[in-house]
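Report on the following structure.
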Amino acid sequence: MWDTNTLNYYDQHAQMFAESTKDVDFRAVQDRFLGKLFLHAYILDLGCGSGRDTRYFLTQGYRVDAVDGSTEICKLASTYTGIQVKQMLFQDLKAVDTYDGIWACSSVLHLPYKELKKVLVQMAAALKRDGIVYTSFKYGTFEGERNGRYFTDMTEDSLRKLLIETAVFQLEEEWVTKDVRPGREDERWLNILLKKRPR
C-alpha cells in the first residue's frame with residue numbers, strides 16, 4: 001500500500017514543495033510528451049504536485065484530469081490550475097480506455113517496486129489504444145525511505161526488467177537529465193516515454 005510517511009510528508013510540506021516546483025521551466029520535457037499526442041488529447045496528470053504541468057497542458061489546449069495523493073497538495077494545485085484536483089492514491093486508478101496520455105512526472109517513483117508493477121498495469125488499462133505515458137525516476141538502484149519519503153530509483157536495466165514483468169508497455173524513449181531545480185544539479189533523473197502495447 002501507499003507509504004503513509006510519504007503522504008504525511010507532502011501534507012506537512014505542501015506549501016514549500018509547491019513553491020519550489022511550480023515555476024520550474026519544464027517545457028522541453030512537457031513538449032516532448034505533447035509531441036506524441038494529438039491536439040486536444042485527454043491527459044491524466046497522475047500525481048500532479050503543484051499543478052505546474054496541468055496548468056501548462058491546459059494553456060496548450062489539452063483536456064486534463066489532475067489527481068494527487070496529498071489532500072493539502074490538491075488544495076494548492078486546484079487554486080493554481082483553476083480546475084478541481086481530485087485526491088486519489090495511484091492504486092485507486094480505475095479508469096479504462098479513457099486517456100490518450102498519462103503524465104506521471106516524479107510521482108509513481110514513491111511506490112515500492114511491487115506496487116509500481118500493479119499501478120503500471122492500471123495505467124495501461126486507463127489508456128486508450130496506443131496511449132502514451134511520460135514518467136520519471138531518480139537515477140540509481142536505491143529503494144527505500146530517503147528524507148522522509150519512499151523512493152524506488154530506476155536505471156535502464158531495472159526499467160527493462162519492469163517492462164518485461166508487466167508486459168503492458170513498449171519503450172518509446174528514455175534519456176537521463178540533471179535536476180532542473182537550483183542547487184540540485186548533481187541529481188540525475190531517468191525520463192521515460194512509454195506506449196501502450198496492443199492487446
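All residue names refer to the C-alpha cells as shown: chains lettered A, B, ... in order, residues numbered from 1 in each chain, ligands numbered from 1 in order.
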(message) For Asp68 (chain A), find every residue with an atom within 7 Å (counting only C-alpha atoms), except residues of its own chain fewer than 6 positions away, and show them as a list in words.
(response) Leu46, Gly47, Cys48, Gly49, Cys74, Lys86, Gln87, Met88 and Leu89 of chain A
May I have the selected residues written with C-alpha atoms, as a PDB file, in the first residue's frame?
ATOM      1  CA  LEU A  46      -1.124  11.322 -12.143  1.00  0.00           C
ATOM      2  CA  GLY A  47       0.447  12.816  -9.032  1.00  0.00           C
ATOM      3  CA  CYS A  48       0.216  16.406 -10.213  1.00  0.00           C
ATOM      4  CA  GLY A  49       2.058  18.051  -7.309  1.00  0.00           C
ATOM      5  CA  CYS A  74      -4.707  19.016  -4.036  1.00  0.00           C
ATOM      6  CA  LYS A  86      -9.020  15.123  -7.092  1.00  0.00           C
ATOM      7  CA  GLN A  87      -7.425  13.469  -4.071  1.00  0.00           C
ATOM      8  CA  MET A  88      -6.619   9.895  -5.125  1.00  0.00           C
ATOM      9  CA  LEU A  89      -3.993   7.264  -4.479  1.00  0.00           C
TER      10      LEU A  89
END
(request) Using DSSP on the backbone coordinates, identify all residues within region 25-198 of chain A classified as helix (DSSP H, G or I); present the result as a VMD selection string. (result) chain A and resid 27 to 34 52 to 59 71 to 81 90 to 92 108 to 110 113 to 126 156 to 166
(request) Give the answer as one residue: which of A:Gly51, A:Gly82, A:Gly69, A:Gly101 has the shortest atom-to-atom distance to Arg129 (chain A), using only C-alpha atoms? (result)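 The answer is A:Gly101, which sits nearest to Arg129 (chain A).
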So that I can see what lies close to region 9-24 of chain A, please list as a short mmCIF file (atom, residue, chain, number, x, y, z; two decimals) with N, CA, C and O atoms, in the first residue's frame the residues with an atom at most 12 Å from it, counting only C-alpha atoms and leaving out residues fewer than 2 positions away in the same chain.
data_model
loop_
_atom_site.label_atom_id
_atom_site.label_comp_id
_atom_site.auth_asym_id
_atom_site.auth_seq_id
_atom_site.Cartn_x
_atom_site.Cartn_y
_atom_site.Cartn_z
N ASP A 3 2.85 4.37 1.02
CA ASP A 3 3.59 4.66 2.24
C ASP A 3 3.02 5.91 2.91
O ASP A 3 3.05 7.00 2.34
N THR A 4 2.50 5.76 4.13
CA THR A 4 1.84 6.89 4.80
C THR A 4 2.83 7.99 5.17
O THR A 4 2.47 9.16 5.22
N ASN A 5 4.09 7.63 5.41
CA ASN A 5 5.10 8.65 5.71
C ASN A 5 5.25 9.62 4.54
O ASN A 5 5.42 10.82 4.74
N THR A 6 5.19 9.09 3.33
CA THR A 6 5.33 9.93 2.14
C THR A 6 4.15 10.89 2.02
O THR A 6 4.34 12.09 1.76
N LEU A 7 2.94 10.39 2.22
CA LEU A 7 1.76 11.25 2.17
C LEU A 7 1.82 12.32 3.26
O LEU A 7 1.50 13.49 3.01
N PHE A 26 9.93 23.47 -17.33
CA PHE A 26 9.97 22.07 -17.71
C PHE A 26 9.44 21.86 -19.13
O PHE A 26 9.08 20.75 -19.52
N ARG A 27 9.42 22.95 -19.92
CA ARG A 27 8.75 22.90 -21.21
C ARG A 27 9.38 21.92 -22.20
O ARG A 27 8.68 21.32 -23.01
N ALA A 28 10.69 21.74 -22.12
CA ALA A 28 11.35 20.83 -23.07
C ALA A 28 10.78 19.41 -22.93
O ALA A 28 10.50 18.74 -23.93
N VAL A 29 10.58 18.98 -21.70
CA VAL A 29 10.04 17.63 -21.46
C VAL A 29 8.53 17.61 -21.72
O VAL A 29 8.01 16.67 -22.33
N GLN A 30 7.84 18.64 -21.25
CA GLN A 30 6.39 18.72 -21.50
C GLN A 30 6.09 18.64 -23.00
O GLN A 30 5.19 17.89 -23.42
N GLY A 47 -0.49 12.30 -10.02
CA GLY A 47 0.45 12.82 -9.03
C GLY A 47 0.91 14.19 -9.47
O GLY A 47 2.08 14.42 -9.75
N CYS A 48 -0.03 15.12 -9.53
CA CYS A 48 0.22 16.41 -10.21
C CYS A 48 1.06 17.39 -9.41
O CYS A 48 1.53 18.39 -9.95
N GLY A 49 1.25 17.12 -8.10
CA GLY A 49 2.06 18.05 -7.31
C GLY A 49 1.50 19.46 -7.35
O GLY A 49 0.29 19.66 -7.20
N SER A 50 2.35 20.43 -7.60
CA SER A 50 1.95 21.85 -7.58
C SER A 50 0.91 22.19 -8.64
O SER A 50 0.23 23.21 -8.55
N GLY A 51 0.80 21.35 -9.67
CA GLY A 51 -0.11 21.64 -10.78
C GLY A 51 0.57 22.34 -11.94
O GLY A 51 -0.07 22.72 -12.92
N ARG A 52 1.88 22.46 -11.86
CA ARG A 52 2.67 23.14 -12.90
C ARG A 52 2.38 22.57 -14.30
O ARG A 52 2.12 23.32 -15.25
N ASP A 53 2.42 21.25 -14.41
CA ASP A 53 2.29 20.62 -15.73
C ASP A 53 0.84 20.65 -16.21
O ASP A 53 0.58 20.91 -17.39
N THR A 54 -0.09 20.41 -15.30
CA THR A 54 -1.52 20.52 -15.65
C THR A 54 -1.82 21.90 -16.21
O THR A 54 -2.49 22.04 -17.24
N ARG A 55 -1.34 22.91 -15.54
CA ARG A 55 -1.59 24.29 -15.98
C ARG A 55 -1.03 24.52 -17.38
O ARG A 55 -1.70 25.13 -18.23
N TYR A 56 0.17 24.02 -17.64
CA TYR A 56 0.77 24.19 -18.96
C TYR A 56 -0.04 23.45 -20.02
O TYR A 56 -0.32 24.00 -21.09
N ASP A 68 -3.86 13.80 -7.07
CA ASP A 68 -2.68 13.69 -6.21
C ASP A 68 -3.10 12.99 -4.92
O ASP A 68 -4.27 13.07 -4.53
N GLY A 69 -2.17 12.33 -4.27
CA GLY A 69 -2.48 11.62 -3.05
C GLY A 69 -2.59 12.50 -1.82
O GLY A 69 -3.22 12.13 -0.84
N SER A 70 -1.95 13.67 -1.87
CA SER A 70 -1.92 14.56 -0.72
C SER A 70 -3.09 15.54 -0.75
O SER A 70 -3.26 16.29 -1.71
N THR A 71 -3.87 15.54 0.31
CA THR A 71 -5.01 16.45 0.42
C THR A 71 -4.58 17.90 0.33
O THR A 71 -5.22 18.71 -0.37
N GLU A 72 -3.50 18.26 1.00
CA GLU A 72 -3.04 19.65 1.02
C GLU A 72 -2.51 20.07 -0.35
O GLU A 72 -2.73 21.20 -0.80
N ILE A 73 -1.80 19.17 -1.01
CA ILE A 73 -1.30 19.45 -2.37
C ILE A 73 -2.48 19.68 -3.31
O ILE A 73 -2.46 20.58 -4.15
N CYS A 74 -3.53 18.87 -3.17
CA CYS A 74 -4.71 19.02 -4.04
C CYS A 74 -5.33 20.41 -3.90
O CYS A 74 -5.75 21.00 -4.90
N LYS A 75 -5.40 20.90 -2.69
CA LYS A 75 -5.98 22.23 -2.47
C LYS A 75 -5.16 23.30 -3.19
O LYS A 75 -5.72 24.17 -3.89
N LEU A 76 -3.84 23.24 -3.03
CA LEU A 76 -2.97 24.24 -3.66
C LEU A 76 -3.01 24.12 -5.18
O LEU A 76 -3.07 25.13 -5.90
N ALA A 77 -2.99 22.89 -5.68
CA ALA A 77 -2.98 22.67 -7.13
C ALA A 77 -4.31 23.09 -7.76
O ALA A 77 -4.33 23.59 -8.88
N SER A 78 -5.40 22.90 -7.04
CA SER A 78 -6.71 23.33 -7.56
C SER A 78 -6.74 24.83 -7.76
O SER A 78 -7.22 25.34 -8.78
N THR A 79 -6.21 25.55 -6.79
CA THR A 79 -6.15 27.01 -6.89
C THR A 79 -5.23 27.44 -8.03
O THR A 79 -5.57 28.33 -8.82
N TYR A 80 -4.08 26.78 -8.15
CA TYR A 80 -3.08 27.18 -9.14
C TYR A 80 -3.53 26.88 -10.57
O TYR A 80 -3.26 27.65 -11.49
N THR A 81 -4.22 25.75 -10.77
CA THR A 81 -4.59 25.34 -12.13
C THR A 81 -5.95 25.86 -12.57
O THR A 81 -6.23 25.92 -13.75
N GLN A 87 -8.31 14.22 -4.96
CA GLN A 87 -7.42 13.47 -4.07
C GLN A 87 -7.62 11.99 -4.35
O GLN A 87 -8.71 11.45 -4.24
N CYS A 105 4.97 12.56 -13.71
CA CYS A 105 6.29 13.18 -13.51
C CYS A 105 6.69 13.10 -12.03
O CYS A 105 6.01 13.67 -11.17
N SER A 106 7.77 12.38 -11.76
CA SER A 106 8.32 12.30 -10.39
C SER A 106 7.26 11.92 -9.37
O SER A 106 7.23 12.46 -8.28
N SER A 107 6.37 11.01 -9.75
CA SER A 107 5.26 10.68 -8.86
C SER A 107 5.21 9.20 -8.48
O SER A 107 5.32 8.85 -7.30
N HIS A 110 7.39 7.04 -5.93
CA HIS A 110 7.19 6.89 -4.49
C HIS A 110 6.57 5.55 -4.11
O HIS A 110 6.35 5.28 -2.93
N GLU A 145 13.27 4.42 2.13
CA GLU A 145 12.94 5.77 2.57
C GLU A 145 14.17 6.68 2.52
O GLU A 145 15.28 6.29 2.90
N ARG A 146 13.94 7.86 1.98
CA ARG A 146 15.00 8.86 1.85
C ARG A 146 14.39 10.21 2.21
O ARG A 146 13.43 10.64 1.57
N ASN A 147 14.92 10.86 3.22
CA ASN A 147 14.45 12.19 3.63
C ASN A 147 12.93 12.23 3.85
O ASN A 147 12.24 13.15 3.41
N GLY A 148 12.42 11.20 4.52
CA GLY A 148 11.01 11.21 4.90
C GLY A 148 10.03 10.70 3.85
O GLY A 148 8.82 10.68 4.09
N ARG A 149 10.55 10.29 2.69
CA ARG A 149 9.68 9.78 1.62
C ARG A 149 10.24 8.47 1.08
O ARG A 149 11.43 8.26 1.10
N TYR A 150 9.33 7.63 0.55
CA TYR A 150 9.74 6.36 -0.03
C TYR A 150 10.08 6.58 -1.51
O TYR A 150 9.35 7.28 -2.22
N ASP A 179 18.79 17.39 -12.56
CA ASP A 179 17.67 18.05 -11.91
C ASP A 179 17.66 19.52 -12.32
O ASP A 179 18.70 20.17 -12.37
N VAL A 180 16.46 20.03 -12.65
CA VAL A 180 16.36 21.42 -13.14
C VAL A 180 16.17 22.43 -12.00
O VAL A 180 16.16 23.63 -12.23
N ARG A 181 16.02 21.94 -10.77
CA ARG A 181 15.84 22.87 -9.65
C ARG A 181 17.18 23.42 -9.20
O ARG A 181 18.17 22.68 -9.13
N PRO A 182 17.26 24.71 -8.89
CA PRO A 182 18.51 25.32 -8.44
C PRO A 182 19.10 24.59 -7.24
O PRO A 182 18.38 24.25 -6.30
N GLY A 183 20.40 24.31 -7.30
CA GLY A 183 21.08 23.64 -6.21
C GLY A 183 20.98 22.13 -6.24
O GLY A 183 21.58 21.45 -5.42
N ARG A 184 20.23 21.58 -7.21
CA ARG A 184 20.04 20.13 -7.27
C ARG A 184 20.65 19.54 -8.55
O ARG A 184 20.31 18.43 -8.95
#
(request) One decimal, Å: what's the distance from CA of Gly35 (chain A) over to CA of Phe90 (chain A), could you say? (result) 25.0 Å
(request) Excluding Trp189 (chain A) and residues on its chain fewer than 5 positions from it, collect all residues at most 9 Å away from it, counting only C-alpha atoms, and give them as a ChimeraX atom specification. (result) /A:136-140,153-154,175-179
Since we have the selection now, will you write its residues out, keeping N, CA, C and O atoms, as a PDB file, in the first residue's frame?
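Okay, out31.pdb is ready:
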ATOM      1  N   SER A 136       9.081   9.599 -14.683  1.00  0.00           N
ATOM      2  CA  SER A 136      10.491   9.851 -14.377  1.00  0.00           C
ATOM      3  C   SER A 136      10.825   9.332 -12.981  1.00  0.00           C
ATOM      4  O   SER A 136       9.986   9.335 -12.081  1.00  0.00           O
ATOM      5  N   PHE A 137      12.070   8.899 -12.860  1.00  0.00           N
ATOM      6  CA  PHE A 137      12.569   8.332 -11.610  1.00  0.00           C
ATOM      7  C   PHE A 137      13.951   8.909 -11.320  1.00  0.00           C
ATOM      8  O   PHE A 137      14.713   9.203 -12.244  1.00  0.00           O
ATOM      9  N   LYS A 138      14.279   9.014 -10.038  1.00  0.00           N
ATOM     10  CA  LYS A 138      15.661   9.320  -9.696  1.00  0.00           C
ATOM     11  C   LYS A 138      16.541   8.191 -10.229  1.00  0.00           C
ATOM     12  O   LYS A 138      16.152   7.023 -10.173  1.00  0.00           O
ATOM     13  N   TYR A 139      17.685   8.554 -10.759  1.00  0.00           N
ATOM     14  CA  TYR A 139      18.543   7.570 -11.415  1.00  0.00           C
ATOM     15  C   TYR A 139      19.361   6.807 -10.370  1.00  0.00           C
ATOM     16  O   TYR A 139      20.079   7.410  -9.573  1.00  0.00           O
ATOM     17  N   GLY A 140      19.226   5.484 -10.386  1.00  0.00           N
ATOM     18  CA  GLY A 140      20.012   4.680  -9.454  1.00  0.00           C
ATOM     19  C   GLY A 140      19.317   3.377  -9.120  1.00  0.00           C
ATOM     20  O   GLY A 140      18.329   2.990  -9.750  1.00  0.00           O
ATOM     21  N   ASP A 153      14.187   4.006  -7.082  1.00  0.00           N
ATOM     22  CA  ASP A 153      15.003   4.579  -8.149  1.00  0.00           C
ATOM     23  C   ASP A 153      15.034   3.623  -9.337  1.00  0.00           C
ATOM     24  O   ASP A 153      14.646   2.455  -9.230  1.00  0.00           O
ATOM     25  N   MET A 154      15.517   4.108 -10.452  1.00  0.00           N
ATOM     26  CA  MET A 154      15.445   3.314 -11.690  1.00  0.00           C
ATOM     27  C   MET A 154      16.681   3.572 -12.552  1.00  0.00           C
ATOM     28  O   MET A 154      17.181   4.691 -12.629  1.00  0.00           O
ATOM     29  N   TRP A 175      15.851   8.922 -21.551  1.00  0.00           N
ATOM     30  CA  TRP A 175      17.002   9.814 -21.529  1.00  0.00           C
ATOM     31  C   TRP A 175      17.251  10.272 -20.101  1.00  0.00           C
ATOM     32  O   TRP A 175      16.340  10.333 -19.282  1.00  0.00           O
ATOM     33  N   VAL A 176      18.504  10.553 -19.813  1.00  0.00           N
ATOM     34  CA  VAL A 176      18.912  10.965 -18.468  1.00  0.00           C
ATOM     35  C   VAL A 176      19.158  12.466 -18.465  1.00  0.00           C
ATOM     36  O   VAL A 176      19.783  13.010 -19.379  1.00  0.00           O
ATOM     37  N   THR A 177      18.617  13.134 -17.447  1.00  0.00           N
ATOM     38  CA  THR A 177      18.799  14.574 -17.311  1.00  0.00           C
ATOM     39  C   THR A 177      19.275  14.924 -15.906  1.00  0.00           C
ATOM     40  O   THR A 177      19.134  14.125 -14.971  1.00  0.00           O
ATOM     41  N   LYS A 178      19.794  16.131 -15.772  1.00  0.00           N
ATOM     42  CA  LYS A 178      20.108  16.674 -14.449  1.00  0.00           C
ATOM     43  C   LYS A 178      18.855  17.316 -13.884  1.00  0.00           C
ATOM     44  O   LYS A 178      17.972  17.741 -14.626  1.00  0.00           O
ATOM     45  N   ASP A 179      18.794  17.388 -12.559  1.00  0.00           N
ATOM     46  CA  ASP A 179      17.669  18.054 -11.911  1.00  0.00           C
ATOM     47  C   ASP A 179      17.655  19.524 -12.324  1.00  0.00           C
ATOM     48  O   ASP A 179      18.695  20.173 -12.373  1.00  0.00           O
TER      49      ASP A 179
END
(request) Name the residues of region 3-160 of chain A that fall into strand (DSSP E or B) according to DSSP on the backbone, using the chain letters and numbers of this document, as number ranges by chain. (result) A: 42-46, 63-68, 86-87, 99-104, 127-139, 143-146, 149-152, 154
(request) Tell me which of A:Gln84, A:Leu58, A:Asp100, A:Val67 sits closest to Gly131 (chain A), counting only C-alpha atoms. (result)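 Among A:Gln84, A:Leu58, A:Asp100, A:Val67, it is A:Asp100 that comes nearest to Gly131 (chain A).
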(request) Excluding Arg199 (chain A) and residues on its chain fewer than 3 positions from it, collect all residues at most 12 Å away from it, counting only C-alpha atoms, and give them as a ChimeraX atom specification. (result) /A:97,124-125,127-130,167-169,196
